file my_file-v4.cif (mmCIF, C-alpha atoms)
data_my_file
loop_
_atom_site.label_atom_id
_atom_site.label_comp_id
_atom_site.auth_asym_id
_atom_site.auth_seq_id
_atom_site.Cartn_x
_atom_site.Cartn_y
_atom_site.Cartn_z
CA MET A 1 209.85 102.63 342.94
CA SER A 2 213.38 103.08 344.19
CA GLY A 3 215.87 105.65 342.95
CA LEU A 4 217.80 102.86 341.29
CA ASP A 5 214.65 101.64 339.55
CA LEU A 6 214.09 105.18 338.29
CA LEU A 7 217.63 105.35 336.86
CA GLU A 8 217.15 101.99 335.16
CA GLN A 9 213.80 103.11 333.74
CA ILE A 10 215.25 106.36 332.37
CA TYR A 11 218.21 104.47 330.93
CA GLN A 12 215.83 102.08 329.16
CA GLN A 13 213.80 104.97 327.72
CA LEU A 14 216.86 106.81 326.44
CA HIS A 15 218.45 103.61 325.14
CA GLY A 16 215.23 102.57 323.40
CA ALA A 17 215.05 105.97 321.70
CA GLY A 18 218.67 105.64 320.56
CA LEU A 19 219.79 108.60 322.68
CA ILE A 20 222.27 106.62 324.77
CA GLY A 21 224.20 103.48 324.01
CA THR A 22 225.33 101.60 327.08
CA LYS A 23 224.79 101.78 330.82
CA ALA A 24 228.44 102.80 331.03
CA GLU A 25 227.80 105.79 328.75
CA PHE A 26 224.66 106.69 330.73
CA SER A 27 226.57 106.56 334.03
CA GLU A 28 229.54 108.56 332.83
CA ARG A 29 228.02 111.10 330.45
CA LEU A 30 224.69 111.85 332.10
CA MET A 31 225.36 111.20 335.78
CA GLY A 32 229.02 112.20 335.99
CA LYS A 33 229.89 108.87 337.60
CA SER A 34 232.22 106.01 336.75
CA ARG A 35 231.32 103.82 333.80
CA SER A 36 230.34 101.00 336.17
CA TYR A 37 228.15 103.13 338.46
CA LEU A 38 224.70 101.90 337.42
CA THR A 39 225.61 98.22 337.29
CA SER A 40 227.59 98.42 340.53
CA MET A 41 224.78 100.16 342.37
CA ARG A 42 222.34 97.47 341.27
CA ALA A 43 224.68 94.61 342.18
CA ARG A 44 225.38 96.08 345.63
CA LYS A 45 221.76 97.12 346.23
CA ARG A 46 222.87 100.63 347.13
CA HIS A 47 220.76 103.75 347.51
CA VAL A 48 220.91 106.60 345.00
CA SER A 49 221.53 110.08 346.40
CA SER A 50 219.43 113.02 345.29
CA ASP A 51 222.68 114.62 344.05
CA VAL A 52 222.92 111.92 341.38
CA LEU A 53 219.34 112.58 340.30
CA LEU A 54 219.96 116.33 340.22
CA THR A 55 223.10 115.81 338.12
CA LEU A 56 221.10 113.64 335.72
CA ASP A 57 218.40 116.32 335.63
CA GLY A 58 220.97 118.96 334.64
CA ALA A 59 222.50 116.72 331.98
CA LEU A 60 219.09 115.99 330.46
CA ARG A 61 218.32 119.72 330.36
CA ALA A 62 221.63 120.32 328.58
CA GLU A 63 220.77 117.59 326.07
CA ILE A 64 217.44 119.32 325.36
CA ARG A 65 219.11 122.72 324.92
CA ALA A 66 221.65 121.19 322.51
CA ARG A 67 218.89 120.11 320.13
CA PRO A 68 217.39 122.57 317.66
CA LYS A 69 213.81 123.39 318.62
CA ASP A 70 212.45 122.63 315.17
CA GLN A 71 214.33 119.34 314.81
CA GLU A 72 214.68 116.14 316.80
CA VAL A 73 211.24 116.64 318.36
CA VAL A 74 210.91 113.00 319.38
CA ASP A 75 214.28 113.15 321.17
CA ARG A 76 213.23 116.29 323.04
CA ILE A 77 209.95 114.64 324.09
CA THR A 78 211.79 111.57 325.40
CA LEU A 79 214.23 113.75 327.36
CA ARG A 80 211.41 115.88 328.81
CA ARG A 81 209.54 112.75 329.88
CA ALA A 82 212.64 111.61 331.79
CA LEU A 83 212.90 115.04 333.44
CA SER A 84 209.28 114.81 334.51
CA GLU A 85 209.86 111.40 336.06
CA ILE A 86 212.83 112.69 338.06
CA ASP A 87 210.82 115.69 339.25
CA THR A 88 207.87 113.51 340.30
CA PHE A 89 210.19 111.09 342.09
CA LEU A 90 212.04 113.79 344.01
CA ARG A 91 208.82 115.50 345.06
CA SER A 92 207.38 112.26 346.42
CA TYR A 93 209.98 111.93 349.18
CA PRO A 94 209.60 114.06 352.34
CA ALA A 95 213.37 114.00 352.86
CA VAL A 96 213.77 115.85 349.58
CA ASP A 97 210.62 117.95 349.35
CA SER A 98 212.56 121.01 350.47
CA ILE A 99 214.05 121.11 346.99
CA GLY A 100 212.64 124.00 344.99
CA PRO A 101 212.23 123.80 341.24
CA VAL A 102 214.11 120.72 340.11
CA GLY A 103 217.82 121.25 340.41
CA THR A 104 217.67 124.14 342.85
CA PRO A 105 217.81 123.31 346.56
CA SER A 106 215.96 125.78 348.77
CA SER A 107 218.14 128.00 350.94
CA GLY A 108 219.34 126.46 354.16
CA THR A 109 218.47 122.90 353.20
CA SER A 110 220.48 120.01 351.95
CA ALA A 111 219.57 118.07 348.84
CA LYS A 112 221.78 115.16 349.87
CA ALA A 113 219.05 112.81 350.99
CA LYS A 114 219.53 109.13 350.35
CA ILE A 115 216.78 107.74 348.19
CA SER A 116 215.93 104.02 348.16
#
call {"tool": "encode", "arguments": {"input": "my_file-v4.cif", "output": "structure tokens"}}
result
Amino acid sequence: MSGLDLLEQIYQQLHGAGLIGTKAEFSERLMGKSRSYLTSMRARKRHVSSDVLLTLDGALRAEIRARPKDQEVVDRITLRRALSEIDTFLRSYPAVDSIGPVGTPSSGTSAKAKIS
């Protein structure tokens, strides 16, 4: 699976659960990119940087924190599943395995690996 496939998969999960509307909203709100980021990356067959995945990770964590613990349980489960997929993906690439707990690069290393 490529990084772009992972983003598409997470978008589909969040969209299917009603947590995000469009790819434009996903790109802008959760990845901090332009509204056309996801569709442009797919059309141009570009690679996704680990920085984008780490930004998405942080945004998903913020979404979880924003939900009351005793409410919106299904939403929290969907968001945690997406976090787990990002973590698994990042850990599977040697170029990025120097990243500590998701979202925290280890000292002296760069998390800016390009991921297919």
call {"tool": "closest_residue", "arguments": {"input": "my_file-v4.cif", "among": "A:Asp51, A:Glu63, A:Glu85, A:Asp75", "to": "Ile10 of chain A", "atoms": "only C-alpha atoms"}}
result
A:Glu85
call {"tool": "resolve_selection", "arguments": {"input": "my_file-v4.cif", "expression": "the PyMOL selection byres ((chain A and resi 6) around 12)", "output": "count of residues only"}}
result
31
call {"tool": "residues_around", "arguments": {"input": "my_file-v4.cif", "residues": "Ile64 of chain A", "least_positions_apart": "4", "cutoff": "7 Å", "atoms": "only C-alpha atoms", "output": "PDB file with C-alpha atoms, in the coordinates of the input"}}
result
ATOM      1  CA  LEU A  60     219.090 115.990 330.460  1.00  0.00           C
ATOM      2  CA  ARG A  76     213.230 116.290 323.040  1.00  0.00           C
ATOM      3  CA  LEU A  79     214.230 113.750 327.360  1.00  0.00           C
TER       4      LEU A  79
END
call {"tool": "axis_aligned_box", "arguments": {"input": "my_file-v4.cif", "around": "segment 35-41 of chain A", "padding_each_side": "5 Å", "output": "JSON"}}
result
{"center_x": 228.0, "center_y": 101.0, "center_z": 338.1, "size_x": 16.6, "size_y": 15.6, "size_z": 18.6}
call {"tool": "resolve_selection", "arguments": {"input": "my_file-v4.cif", "expression": "the PyMOL selection byres ((chain A and resi 28-31) around 9)", "output": "list in words"}}
result
Lys23, Ala24, Glu25, Phe26, Ser27, Gly32, Lys33, Ser34, Arg35, Ser36, Tyr37, Val52, Leu53, Leu54, Thr55, Leu56, Asp57, Gly58, Ala59 and Leu60 of chain A
call {"tool": "atom_distance", "arguments": {"input": "my_file-v4.cif", "atom1": "atom CA of His15 of chain A", "atom2": "atom CA of Ala43 of chain A"}}
result
20.3 Å
call {"tool": "atom_distance", "arguments": {"input": "my_file-v4.cif", "atom1": "atom CA of Ile77 of chain A", "atom2": "atom CA of Arg46 of chain A"}}
result
29.9 Å
call {"tool": "atom_distance", "arguments": {"input": "my_file-v4.cif", "atom1": "atom CA of Ala17 of chain A", "atom2": "atom CA of Pro68 of chain A"}}
result
17.2 Å
call {"tool": "closest_residue", "arguments": {"input": "my_file-v4.cif", "among": "A:Arg44, A:Leu19, A:Ser92, A:Leu14", "to": "Arg67 of chain A", "atoms": "only C-alpha atoms"}}
result
A:Leu19
call {"tool": "closest_residue", "arguments": {"input": "my_file-v4.cif", "among": "A:Gly16, A:Tyr93, A:Arg80, A:Thr22", "to": "Ala62 of chain A", "atoms": "only C-alpha atoms"}}
result
A:Arg80
call {"tool": "closest_residue", "arguments": {"input": "my_file-v4.cif", "among": "A:Asp70, A:Arg91, A:Thr78, A:Arg65", "to": "Ile20 of chain A", "atoms": "all atoms listed in the file"}}
result
A:Thr78
call {"tool": "decode", "arguments": {"input": "my_file-v4.cif", "residues": "segment 7-52 of chain A", "atoms": "N, CA and C atoms", "output": "JSON list (two decimals), in the first residue's frame"}}
result
[["chain", "number", "residue", "atom", "x", "y", "z"],
["A", 7, "LEU", "N", -3.98, 7.40, 2.61],
["A", 7, "LEU", "CA", -4.80, 8.61, 2.77],
["A", 7, "LEU", "C", -6.19, 8.40, 2.20],
["A", 8, "GLU", "N", -6.27, 7.79, 1.03],
["A", 8, "GLU", "CA", -7.58, 7.52, 0.41],
["A", 8, "GLU", "C", -8.41, 6.59, 1.29],
["A", 9, "GLN", "N", -7.77, 5.58, 1.85],
["A", 9, "GLN", "CA", -8.47, 4.62, 2.71],
["A", 9, "GLN", "C", -9.00, 5.31, 3.97],
["A", 10, "ILE", "N", -8.18, 6.14, 4.58],
["A", 10, "ILE", "CA", -8.62, 6.85, 5.79],
["A", 10, "ILE", "C", -9.74, 7.83, 5.45],
["A", 11, "TYR", "N", -9.59, 8.52, 4.32],
["A", 11, "TYR", "CA", -10.67, 9.41, 3.89],
["A", 11, "TYR", "C", -11.98, 8.64, 3.76],
["A", 12, "GLN", "N", -11.93, 7.49, 3.08],
["A", 12, "GLN", "CA", -13.14, 6.69, 2.88],
["A", 12, "GLN", "C", -13.76, 6.26, 4.21],
["A", 13, "GLN", "N", -12.93, 5.87, 5.16],
["A", 13, "GLN", "CA", -13.45, 5.47, 6.48],
["A", 13, "GLN", "C", -14.13, 6.63, 7.18],
["A", 14, "LEU", "N", -13.47, 7.78, 7.20],
["A", 14, "LEU", "CA", -14.03, 8.95, 7.88],
["A", 14, "LEU", "C", -15.27, 9.46, 7.16],
["A", 15, "HIS", "N", -15.24, 9.43, 5.85],
["A", 15, "HIS", "CA", -16.39, 9.87, 5.06],
["A", 15, "HIS", "C", -17.57, 8.93, 5.28],
["A", 16, "GLY", "N", -17.29, 7.63, 5.25],
["A", 16, "GLY", "CA", -18.35, 6.64, 5.46],
["A", 16, "GLY", "C", -18.99, 6.74, 6.83],
["A", 17, "ALA", "N", -18.21, 7.18, 7.82],
["A", 17, "ALA", "CA", -18.73, 7.34, 9.18],
["A", 17, "ALA", "C", -19.38, 8.71, 9.39],
["A", 18, "GLY", "N", -19.36, 9.53, 8.34],
["A", 18, "GLY", "CA", -19.95, 10.87, 8.44],
["A", 18, "GLY", "C", -19.10, 11.86, 9.21],
["A", 19, "LEU", "N", -17.82, 11.57, 9.36],
["A", 19, "LEU", "CA", -16.94, 12.46, 10.13],
["A", 19, "LEU", "C", -16.28, 13.53, 9.26],
["A", 20, "ILE", "N", -16.29, 13.32, 7.97],
["A", 20, "ILE", "CA", -15.71, 14.28, 7.03],
["A", 20, "ILE", "C", -16.57, 14.28, 5.79],
["A", 21, "GLY", "N", -16.69, 15.43, 5.16],
["A", 21, "GLY", "CA", -17.55, 15.52, 3.99],
["A", 21, "GLY", "C", -16.82, 15.20, 2.70],
["A", 22, "THR", "N", -16.01, 16.10, 2.25],
["A", 22, "THR", "CA", -15.36, 15.98, 0.95],
["A", 22, "THR", "C", -13.86, 15.75, 1.08],
["A", 23, "LYS", "N", -13.25, 15.36, -0.02],
["A", 23, "LYS", "CA", -11.79, 15.22, -0.05],
["A", 23, "LYS", "C", -11.13, 16.57, 0.19],
["A", 24, "ALA", "N", -11.79, 17.63, -0.26],
["A", 24, "ALA", "CA", -11.27, 18.98, -0.04],
["A", 24, "ALA", "C", -11.23, 19.30, 1.45],
["A", 25, "GLU", "N", -12.29, 18.97, 2.15],
["A", 25, "GLU", "CA", -12.34, 19.19, 3.61],
["A", 25, "GLU", "C", -11.28, 18.34, 4.31],
["A", 26, "PHE", "N", -11.15, 17.10, 3.91],
["A", 26, "PHE", "CA", -10.14, 16.19, 4.47],
["A", 26, "PHE", "C", -8.74, 16.77, 4.29],
["A", 27, "SER", "N", -8.43, 17.22, 3.08],
["A", 27, "SER", "CA", -7.12, 17.77, 2.77],
["A", 27, "SER", "C", -6.82, 19.02, 3.60],
["A", 28, "GLU", "N", -7.77, 19.90, 3.65],
["A", 28, "GLU", "CA", -7.56, 21.19, 4.31],
["A", 28, "GLU", "C", -7.61, 21.09, 5.83],
["A", 29, "ARG", "N", -8.66, 20.48, 6.35],
["A", 29, "ARG", "CA", -8.87, 20.45, 7.80],
["A", 29, "ARG", "C", -7.97, 19.46, 8.52],
["A", 30, "LEU", "N", -7.77, 18.29, 7.96],
["A", 30, "LEU", "CA", -7.03, 17.26, 8.68],
["A", 30, "LEU", "C", -5.56, 17.13, 8.27],
["A", 31, "MET", "N", -5.22, 17.61, 7.08],
["A", 31, "MET", "CA", -3.82, 17.50, 6.66],
["A", 31, "MET", "C", -3.14, 18.85, 6.54],
["A", 32, "GLY", "N", -3.90, 19.93, 6.72],
["A", 32, "GLY", "CA", -3.32, 21.26, 6.64],
["A", 32, "GLY", "C", -2.81, 21.61, 5.25],
["A", 33, "LYS", "N", -3.42, 21.04, 4.25],
["A", 33, "LYS", "CA", -3.00, 21.25, 2.86],
["A", 33, "LYS", "C", -4.09, 22.00, 2.11],
["A", 34, "SER", "N", -3.82, 22.28, 0.83],
["A", 34, "SER", "CA", -4.83, 22.95, 0.01],
["A", 34, "SER", "C", -6.01, 22.01, -0.20],
["A", 35, "ARG", "N", -7.13, 22.59, -0.56],
["A", 35, "ARG", "CA", -8.35, 21.80, -0.75],
["A", 35, "ARG", "C", -8.19, 20.75, -1.85],
["A", 36, "SER", "N", -7.29, 20.99, -2.79],
["A", 36, "SER", "CA", -7.12, 20.05, -3.91],
["A", 36, "SER", "C", -5.98, 19.05, -3.68],
["A", 37, "TYR", "N", -5.39, 19.05, -2.50],
["A", 37, "TYR", "CA", -4.20, 18.23, -2.25],
["A", 37, "TYR", "C", -4.40, 16.75, -2.60],
["A", 38, "LEU", "N", -5.40, 16.12, -2.03],
["A", 38, "LEU", "CA", -5.58, 14.68, -2.20],
["A", 38, "LEU", "C", -5.84, 14.33, -3.66],
["A", 39, "THR", "N", -6.71, 15.07, -4.32],
["A", 39, "THR", "CA", -7.01, 14.76, -5.72],
["A", 39, "THR", "C", -5.82, 15.09, -6.62],
["A", 40, "SER", "N", -5.10, 16.14, -6.33],
["A", 40, "SER", "CA", -3.93, 16.50, -7.13],
["A", 40, "SER", "C", -2.82, 15.47, -6.98],
["A", 41, "MET", "N", -2.60, 15.01, -5.76],
["A", 41, "MET", "CA", -1.56, 14.01, -5.53],
["A", 41, "MET", "C", -1.87, 12.73, -6.29],
["A", 42, "ARG", "N", -3.12, 12.34, -6.30],
["A", 42, "ARG", "CA", -3.52, 11.12, -7.02],
["A", 42, "ARG", "C", -3.33, 11.33, -8.53],
["A", 43, "ALA", "N", -3.79, 12.44, -9.04],
["A", 43, "ALA", "CA", -3.70, 12.70, -10.48],
["A", 43, "ALA", "C", -2.25, 12.77, -10.95],
["A", 44, "ARG", "N", -1.38, 13.31, -10.12],
["A", 44, "ARG", "CA", 0.03, 13.46, -10.50],
["A", 44, "ARG", "C", 0.90, 12.28, -10.08],
["A", 45, "LYS", "N", 0.28, 11.32, -9.40],
["A", 45, "LYS", "CA", 1.00, 10.13, -8.92],
["A", 45, "LYS", "C", 2.22, 10.51, -8.09],
["A", 46, "ARG", "N", 2.01, 11.42, -7.17],
["A", 46, "ARG", "CA", 3.07, 11.91, -6.30],
["A", 46, "ARG", "C", 3.20, 11.06, -5.05],
["A", 47, "HIS", "N", 4.32, 11.21, -4.38],
["A", 47, "HIS", "CA", 4.56, 10.53, -3.11],
["A", 47, "HIS", "C", 4.08, 11.41, -1.96],
["A", 48, "VAL", "N", 3.69, 10.78, -0.87],
["A", 48, "VAL", "CA", 3.22, 11.48, 0.32],
["A", 48, "VAL", "C", 4.37, 11.51, 1.32],
["A", 49, "SER", "N", 4.68, 12.68, 1.86],
["A", 49, "SER", "CA", 5.75, 12.76, 2.85],
["A", 49, "SER", "C", 5.24, 12.31, 4.22],
["A", 50, "SER", "N", 6.16, 11.85, 5.04],
["A", 50, "SER", "CA", 5.77, 11.45, 6.39],
["A", 50, "SER", "C", 5.25, 12.64, 7.18],
["A", 51, "ASP", "N", 5.68, 13.85, 6.84],
["A", 51, "ASP", "CA", 5.15, 15.04, 7.52],
["A", 51, "ASP", "C", 3.64, 15.15, 7.36],
["A", 52, "VAL", "N", 3.14, 14.83, 6.19],
["A", 52, "VAL", "CA", 1.69, 14.88, 5.94],
["A", 52, "VAL", "C", 0.99, 13.86, 6.83]]
